[in-house]
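Dropping final18.txt in here (compact mmCIF, C-alpha atoms):
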```
# COMPACT_ATOMS: atom_id res chain seq x y z
CA MET A 4 95.54 116.70 86.99
CA GLY A 5 91.91 117.57 87.56
CA ALA A 6 90.82 113.97 87.53
CA ILE A 7 93.46 113.07 90.07
CA LEU A 8 92.28 115.75 92.47
CA ARG A 9 88.57 115.29 91.90
CA GLY A 10 88.21 111.66 92.95
CA THR A 11 88.41 110.51 96.55
CA THR A 12 91.25 108.05 95.96
CA THR A 13 94.00 110.68 95.93
CA TRP A 14 92.73 112.34 99.10
CA VAL A 15 92.36 109.05 100.94
CA TRP A 16 95.89 108.15 99.87
CA LEU A 17 97.15 111.51 101.10
CA ALA A 18 95.41 110.99 104.44
CA LEU A 19 97.01 107.55 104.73
CA MET A 20 100.46 108.98 103.97
CA LEU A 21 100.07 111.77 106.52
CA LEU A 22 98.83 109.39 109.22
CA THR A 23 101.73 107.07 108.47
CA GLY A 24 104.18 109.97 108.82
CA VAL A 25 102.68 111.02 112.14
CA SER A 26 102.68 107.40 113.41
CA TRP A 27 106.28 106.95 112.37
CA TRP A 28 107.33 110.11 114.18
CA LEU A 29 105.22 109.27 117.24
CA GLY A 30 106.45 105.69 117.44
CA GLY A 31 110.07 106.65 117.30
CA GLY A 32 110.77 105.80 113.69
CA SER A 33 114.13 104.14 113.44
CA ASP A 34 115.93 104.89 116.68
CA ARG A 35 114.48 107.88 118.44
CA THR A 36 114.14 107.00 122.11
CA LEU A 37 110.79 107.39 123.79
CA VAL A 38 110.66 110.33 126.16
CA ALA A 39 106.98 110.49 127.01
CA ASP A 40 104.65 108.13 128.81
CA PRO A 41 104.27 105.06 126.51
CA ILE A 42 100.52 104.82 126.96
CA ARG A 43 99.91 108.35 125.73
CA ILE A 44 101.81 107.50 122.59
CA THR A 45 100.61 103.98 121.99
CA ILE A 46 96.88 104.66 122.22
CA PRO A 47 96.85 107.41 119.55
CA LEU A 48 99.27 105.35 117.48
CA MET A 49 97.11 102.23 117.40
CA SER A 50 93.99 104.34 116.94
CA MET A 51 95.55 105.86 113.84
CA ALA A 52 96.52 102.41 112.59
CA PHE A 53 92.96 101.10 112.82
CA PHE A 54 91.57 104.30 111.33
CA LYS A 55 93.91 103.82 108.39
CA ALA A 56 92.88 100.18 108.10
CA ARG A 57 89.23 101.22 107.94
CA LEU A 58 90.06 103.85 105.28
CA VAL A 59 91.66 101.15 103.15
CA LEU A 60 88.70 98.85 103.72
CA VAL A 61 86.07 101.44 102.81
CA HIS A 62 87.76 103.20 99.91
CA PHE A 63 90.27 100.86 98.35
CA MET A 64 88.53 97.56 98.99
CA GLU A 65 85.26 99.31 98.13
CA ILE A 66 83.42 98.15 101.22
CA GLY A 67 81.88 101.63 101.24
CA SER A 68 79.63 100.58 98.37
CA ALA A 69 79.11 97.04 99.56
CA PRO A 70 75.89 95.49 100.90
CA LEU A 71 75.02 96.34 104.49
CA ALA A 72 75.83 92.85 105.78
CA LEU A 73 79.41 93.02 104.48
CA ARG A 74 79.85 96.57 105.74
CA LEU A 75 78.71 95.50 109.21
CA VAL A 76 81.05 92.50 109.27
CA CYS A 77 84.04 94.62 108.23
CA ASP A 78 83.26 97.39 110.71
CA ALA A 79 82.74 94.77 113.41
CA TRP A 80 86.20 93.36 112.65
CA VAL A 81 87.75 96.81 112.95
CA VAL A 82 85.99 97.59 116.22
CA ILE A 83 86.53 94.19 117.85
CA THR A 84 90.20 93.90 116.87
CA TYR A 85 90.90 97.50 117.91
CA ALA A 86 89.15 97.06 121.26
CA THR A 87 90.98 93.79 121.89
CA VAL A 88 94.41 95.26 121.15
CA ILE A 89 93.84 98.39 123.23
CA GLY A 90 92.18 96.40 125.99
CA LEU A 91 94.94 93.84 126.25
CA TYR A 92 97.55 96.58 126.14
CA LEU A 93 95.92 98.55 128.95
CA LEU A 94 95.39 95.45 131.06
CA ASP A 95 99.11 94.76 131.09
CA MET B 17 115.94 90.89 105.66
CA GLU B 18 115.33 91.78 109.25
CA TYR B 19 115.14 88.14 110.20
CA ARG B 20 118.85 87.79 109.47
CA GLU B 21 119.69 90.48 112.00
CA LYS B 22 117.53 88.87 114.67
CA LEU B 23 118.71 85.32 114.02
CA ALA B 24 122.33 86.47 113.98
CA ASN B 25 121.77 87.76 117.49
CA GLY B 26 120.28 84.49 118.62
CA ILE B 27 116.70 85.69 118.75
CA THR B 28 114.29 83.05 117.56
CA LEU B 29 110.68 81.93 117.97
CA THR B 30 111.49 80.46 121.35
CA THR B 31 113.34 83.45 122.83
CA ASN B 32 110.27 84.86 124.53
CA ASP B 33 106.56 85.44 124.05
CA PHE B 34 106.93 88.66 122.10
CA TYR B 35 109.30 87.15 119.61
CA MET B 36 107.07 84.13 119.24
CA TYR B 37 104.25 86.41 118.15
CA TYR B 38 106.65 88.55 116.11
CA PHE B 39 107.95 85.67 114.03
CA VAL B 40 104.55 84.02 113.64
CA ALA B 41 102.77 87.22 112.60
CA THR B 42 105.46 88.49 110.25
CA GLY B 43 106.03 84.98 108.94
CA ILE B 44 102.38 84.40 108.07
CA HIS B 45 102.21 87.88 106.57
CA PHE B 46 105.29 87.21 104.46
CA LEU B 47 103.81 83.92 103.28
CA HIS B 48 100.67 85.71 102.14
CA LEU B 49 102.87 88.25 100.41
CA LEU B 50 104.57 85.49 98.43
CA ILE B 51 101.19 84.03 97.51
CA GLY B 52 100.16 87.53 96.47
CA LEU B 53 103.11 87.79 94.12
CA GLY B 54 101.91 84.58 92.53
CA VAL B 55 98.43 86.04 92.25
CA LEU B 56 99.88 89.12 90.59
CA ALA B 57 101.82 87.02 88.10
CA PHE B 58 98.70 85.00 87.35
CA VAL B 59 96.60 88.11 86.75
CA LEU B 60 99.29 89.62 84.54
CA ASP B 61 99.43 86.45 82.50
CA HIS B 62 95.64 86.40 82.22
CA VAL B 63 95.47 90.00 81.07
CA ARG B 64 98.12 89.37 78.47
CA LYS B 65 96.31 86.31 77.15
CA ALA B 66 92.89 87.95 77.23
CA GLY B 67 90.86 87.06 74.17
CA ALA B 68 88.17 88.98 72.34
CA LYS B 69 86.04 89.32 75.48
CA GLY B 70 88.84 91.05 77.32
CA PRO B 71 90.30 90.25 80.74
CA SER B 72 88.06 89.16 83.59
CA LEU B 73 87.29 92.21 85.69
CA ALA B 74 86.41 89.98 88.62
CA LEU B 75 89.86 88.38 88.52
CA ILE B 76 91.67 91.70 88.37
CA GLU B 77 89.59 93.27 91.12
CA GLY B 78 89.82 90.13 93.23
CA GLY B 79 93.58 90.09 92.90
CA GLY B 80 93.71 93.77 93.78
CA CYS B 81 91.47 93.21 96.77
CA TYR B 82 93.74 90.41 97.99
CA TRP B 83 96.69 92.77 97.92
CA HIS B 84 94.70 95.41 99.77
CA MET B 85 94.03 92.81 102.45
CA VAL B 86 97.73 92.00 102.75
CA ASP B 87 98.72 95.67 103.08
CA LEU B 88 95.81 96.35 105.42
CA LEU B 89 97.04 93.68 107.81
CA TRP B 90 100.53 95.17 107.64
CA ILE B 91 99.09 98.63 108.45
CA VAL B 92 97.92 97.12 111.74
CA LEU B 93 100.80 94.66 112.29
CA PHE B 94 103.64 97.14 111.86
CA PRO B 95 102.65 99.55 114.64
CA LEU B 96 101.69 96.59 116.79
CA LEU B 97 105.08 94.91 116.49
CA TYR B 98 107.46 97.78 115.84
CA LEU B 99 106.02 100.97 117.24
CA MET B 100 104.06 99.97 120.33
CA LYS B 101 105.92 100.13 123.62
```
Go ahead and render the structure in this file as structure tokens.
Amino acid sequence: MGAILRGTTTWVWLALMLLTGVSWWLGGGSDRTLVADPIRITIPLMSMAFFKARLVLVHFMEIGSAPLALRLVCDAWVVITYATVIGLYLLD
Amino acid sequence: MEYREKLANGITLTTNDFYMYYFVATGIHFLHLLIGLGVLAFVLDHVRKAGAKGPSLALIEGGGCYWHMVDLLWIVLFPLLYLMK
């Protein structure tokens, strides 16, 4: 039990699960109809998605302990893709 | 699968732009998933047949990393296709 709680893996996993739960609830899950302004829901939702993606990249794919060049490329991907999605969404 | 429900209602790749992206993105993702299952089977087989030197750590970690990539893309794709309004 101690080993499970001591490492970062369990906590990162827990964070991912919680974020997924919040996203699911925010996004309407299976059939809940949207009542609020879509933009105010979509922006946090996609932000959480990319934050989760970066968590997976850094902790599970071990980019956190990778050489600087690889870390930069991966972070660049996260930032560029996130900015593109949000940008295109807001432009519409 | 979900595809059945959509196709039964006449929604295909050509229905509109959104569904074009929907089918292409989920289709490519699904294809990578199938490849990943093959990777998993290959790694399992390798581990079982590992000789005195033991299984190749690089192979196991590489296979694991591939799967992380597949689920990472889904973490982004799912909200994009299903939750965004």
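In this structure, atom CA of B:Lys69 sits 27.3 Å away from atom CA of A:Ile66.
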Taking (100.2, 104.7, 123.0) in the file's coordinates, which residues come within 10 Å, counting all atoms listed in the file, written as a list in words?
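Here is the list of nearby residues: Leu29, Gly30, Ala39, Asp40, Pro41, Ile42, Arg43, Ile44, Thr45, Ile46, Pro47, Leu48, Met49, Ser50, Ile89, Tyr92 and Leu93 of chain A; Leu99, Met100 and Lys101 of chain B.
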When you draw a straight line from atom CA of B:Leu29 to atom CA of B:Leu97, how long is it in Å?
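Separation of atom CA of B:Leu29 and atom CA of B:Leu97: 14.2 Å.
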Pull out every residue of chain B sitting within 10 Å of chain A, counting all atoms listed in the file, and send them as a ChimeraX atom specification.
/B:77-78,80-85,87-96,98-101
Just to confirm, what's the straight-line distance from atom CA of B:Asp33 to atom CA of A:Ala86 in Å (one decimal)?
21.1 Å
Here is a test: counting all atoms listed in the file, which residue of A:Ile83, A:Gly24, A:Gly90, A:Arg74 is nearest to A:His62?
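Comparing A:Ile83, A:Gly24, A:Gly90, A:Arg74 against A:His62, the winner is A:Arg74.
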Determine, counting all atoms listed in the file, which protein, DNA and RNA residues have an atom within 10 Å of an atom of B:Tyr19; residues of the same chain fewer than 3 positions away are not included. Present the result as a PyMOL selection string.
chain B and resi 22-25+27-28+39+42-43
Give the answer as one residue: which of B:Tyr38, B:Lys65, B:Gly79, B:Ala57 has the shortest atom-to-atom distance to B:Glu18, using all atoms listed in the file?
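Smallest separation from B:Glu18 among the options: B:Tyr38.
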Please provide the set of residues having any atom within 12 Å of A:Met4, restricted to all atoms listed in the file, with same-chain residues fewer than 5 positions apart removed, written as a ChimeraX atom specification.
/A:9-10,13
Of the candidates A:Val61, A:Leu94, A:Ala69, A:Val25, which one gets nearest to A:Thr11 if we count all atoms listed in the file?
A:Val61
So that I can look at just that part, could you write stretch 54-77 of chain B with N, CA, C and O atoms, as a PDB file, in the first residue's frame?
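So decode_33.pdb came out as:
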```pdb
ATOM      1  N   GLY B  54      -1.832  -5.833 -31.943  1.00  0.00           N
ATOM      2  CA  GLY B  54      -0.814  -6.687 -32.526  1.00  0.00           C
ATOM      3  C   GLY B  54       0.506  -6.523 -31.803  1.00  0.00           C
ATOM      4  O   GLY B  54       1.208  -7.499 -31.509  1.00  0.00           O
ATOM      5  N   VAL B  55       0.837  -5.263 -31.503  1.00  0.00           N
ATOM      6  CA  VAL B  55       2.070  -4.978 -30.770  1.00  0.00           C
ATOM      7  C   VAL B  55       2.055  -5.688 -29.423  1.00  0.00           C
ATOM      8  O   VAL B  55       3.030  -6.310 -29.004  1.00  0.00           O
ATOM      9  N   LEU B  56       0.915  -5.594 -28.756  1.00  0.00           N
ATOM     10  CA  LEU B  56       0.761  -6.218 -27.444  1.00  0.00           C
ATOM     11  C   LEU B  56       0.965  -7.727 -27.526  1.00  0.00           C
ATOM     12  O   LEU B  56       1.667  -8.324 -26.702  1.00  0.00           O
ATOM     13  N   ALA B  57       0.359  -8.334 -28.550  1.00  0.00           N
ATOM     14  CA  ALA B  57       0.490  -9.776 -28.737  1.00  0.00           C
ATOM     15  C   ALA B  57       1.943 -10.141 -29.000  1.00  0.00           C
ATOM     16  O   ALA B  57       2.467 -11.123 -28.465  1.00  0.00           O
ATOM     17  N   PHE B  58       2.620  -9.312 -29.811  1.00  0.00           N
ATOM     18  CA  PHE B  58       4.018  -9.557 -30.132  1.00  0.00           C
ATOM     19  C   PHE B  58       4.882  -9.483 -28.876  1.00  0.00           C
ATOM     20  O   PHE B  58       5.754 -10.330 -28.649  1.00  0.00           O
ATOM     21  N   VAL B  59       4.648  -8.460 -28.059  1.00  0.00           N
ATOM     22  CA  VAL B  59       5.436  -8.293 -26.841  1.00  0.00           C
ATOM     23  C   VAL B  59       5.200  -9.454 -25.887  1.00  0.00           C
ATOM     24  O   VAL B  59       6.124  -9.989 -25.278  1.00  0.00           O
ATOM     25  N   LEU B  60       3.923  -9.859 -25.771  1.00  0.00           N
ATOM     26  CA  LEU B  60       3.597 -10.986 -24.899  1.00  0.00           C
ATOM     27  C   LEU B  60       4.342 -12.236 -25.337  1.00  0.00           C
ATOM     28  O   LEU B  60       4.933 -12.943 -24.529  1.00  0.00           O
ATOM     29  N   ASP B  61       4.301 -12.475 -26.648  1.00  0.00           N
ATOM     30  CA  ASP B  61       4.980 -13.635 -27.198  1.00  0.00           C
ATOM     31  C   ASP B  61       6.479 -13.558 -26.904  1.00  0.00           C
ATOM     32  O   ASP B  61       7.111 -14.537 -26.519  1.00  0.00           O
ATOM     33  N   HIS B  62       7.047 -12.363 -27.076  1.00  0.00           N
ATOM     34  CA  HIS B  62       8.478 -12.180 -26.842  1.00  0.00           C
ATOM     35  C   HIS B  62       8.836 -12.454 -25.380  1.00  0.00           C
ATOM     36  O   HIS B  62       9.843 -13.091 -25.081  1.00  0.00           O
ATOM     37  N   VAL B  63       8.014 -11.944 -24.491  1.00  0.00           N
ATOM     38  CA  VAL B  63       8.300 -12.127 -23.068  1.00  0.00           C
ATOM     39  C   VAL B  63       8.239 -13.606 -22.694  1.00  0.00           C
ATOM     40  O   VAL B  63       9.049 -14.110 -21.923  1.00  0.00           O
ATOM     41  N   ARG B  64       7.234 -14.274 -23.281  1.00  0.00           N
ATOM     42  CA  ARG B  64       7.113 -15.706 -22.995  1.00  0.00           C
ATOM     43  C   ARG B  64       8.304 -16.489 -23.493  1.00  0.00           C
ATOM     44  O   ARG B  64       8.748 -17.434 -22.875  1.00  0.00           O
ATOM     45  N   LYS B  65       8.836 -16.068 -24.673  1.00  0.00           N
ATOM     46  CA  LYS B  65       9.928 -16.836 -25.273  1.00  0.00           C
ATOM     47  C   LYS B  65      11.294 -16.334 -24.809  1.00  0.00           C
ATOM     48  O   LYS B  65      12.309 -16.792 -25.306  1.00  0.00           O
ATOM     49  N   ALA B  66      11.312 -15.394 -23.887  1.00  0.00           N
ATOM     50  CA  ALA B  66      12.581 -14.792 -23.494  1.00  0.00           C
ATOM     51  C   ALA B  66      13.560 -15.846 -22.994  1.00  0.00           C
ATOM     52  O   ALA B  66      13.216 -16.688 -22.186  1.00  0.00           O
ATOM     53  N   GLY B  67      14.778 -15.749 -23.485  1.00  0.00           N
ATOM     54  CA  GLY B  67      15.803 -16.730 -23.131  1.00  0.00           C
ATOM     55  C   GLY B  67      16.504 -16.372 -21.830  1.00  0.00           C
ATOM     56  O   GLY B  67      15.946 -15.718 -20.963  1.00  0.00           O
ATOM     57  N   ALA B  68      17.750 -16.785 -21.722  1.00  0.00           N
ATOM     58  CA  ALA B  68      18.506 -16.577 -20.491  1.00  0.00           C
ATOM     59  C   ALA B  68      18.721 -15.100 -20.201  1.00  0.00           C
ATOM     60  O   ALA B  68      18.764 -14.682 -19.048  1.00  0.00           O
ATOM     61  N   LYS B  69      18.816 -14.281 -21.275  1.00  0.00           N
ATOM     62  CA  LYS B  69      19.078 -12.854 -21.061  1.00  0.00           C
ATOM     63  C   LYS B  69      17.835 -12.093 -20.613  1.00  0.00           C
ATOM     64  O   LYS B  69      17.909 -10.944 -20.254  1.00  0.00           O
ATOM     65  N   GLY B  70      16.685 -12.765 -20.688  1.00  0.00           N
ATOM     66  CA  GLY B  70      15.467 -12.073 -20.284  1.00  0.00           C
ATOM     67  C   GLY B  70      14.859 -11.278 -21.424  1.00  0.00           C
ATOM     68  O   GLY B  70      15.489 -11.114 -22.469  1.00  0.00           O
ATOM     69  N   PRO B  71      13.642 -10.770 -21.233  1.00  0.00           N
ATOM     70  CA  PRO B  71      12.978 -10.024 -22.304  1.00  0.00           C
ATOM     71  C   PRO B  71      13.651  -8.672 -22.535  1.00  0.00           C
ATOM     72  O   PRO B  71      14.271  -8.112 -21.639  1.00  0.00           O
ATOM     73  N   SER B  72      13.495  -8.170 -23.751  1.00  0.00           N
ATOM     74  CA  SER B  72      14.077  -6.881 -24.093  1.00  0.00           C
ATOM     75  C   SER B  72      13.270  -5.760 -23.453  1.00  0.00           C
ATOM     76  O   SER B  72      12.108  -5.554 -23.759  1.00  0.00           O
ATOM     77  N   LEU B  73      13.927  -5.033 -22.555  1.00  0.00           N
ATOM     78  CA  LEU B  73      13.252  -3.930 -21.872  1.00  0.00           C
ATOM     79  C   LEU B  73      12.809  -2.869 -22.874  1.00  0.00           C
ATOM     80  O   LEU B  73      11.741  -2.283 -22.758  1.00  0.00           O
ATOM     81  N   ALA B  74      13.657  -2.646 -23.867  1.00  0.00           N
ATOM     82  CA  ALA B  74      13.349  -1.629 -24.879  1.00  0.00           C
ATOM     83  C   ALA B  74      12.058  -1.975 -25.608  1.00  0.00           C
ATOM     84  O   ALA B  74      11.229  -1.108 -25.863  1.00  0.00           O
ATOM     85  N   LEU B  75      11.879  -3.258 -25.922  1.00  0.00           N
ATOM     86  CA  LEU B  75      10.673  -3.683 -26.629  1.00  0.00           C
ATOM     87  C   LEU B  75       9.436  -3.471 -25.771  1.00  0.00           C
ATOM     88  O   LEU B  75       8.425  -2.944 -26.220  1.00  0.00           O
ATOM     89  N   ILE B  76       9.535  -3.868 -24.503  1.00  0.00           N
ATOM     90  CA  ILE B  76       8.395  -3.743 -23.610  1.00  0.00           C
ATOM     91  C   ILE B  76       8.046  -2.281 -23.392  1.00  0.00           C
ATOM     92  O   ILE B  76       6.884  -1.878 -23.467  1.00  0.00           O
ATOM     93  N   GLU B  77       9.073  -1.462 -23.122  1.00  0.00           N
ATOM     94  CA  GLU B  77       8.800  -0.045 -22.890  1.00  0.00           C
ATOM     95  C   GLU B  77       8.313   0.640 -24.151  1.00  0.00           C
ATOM     96  O   GLU B  77       7.462   1.530 -24.099  1.00  0.00           O
TER      97      GLU B  77
END
```
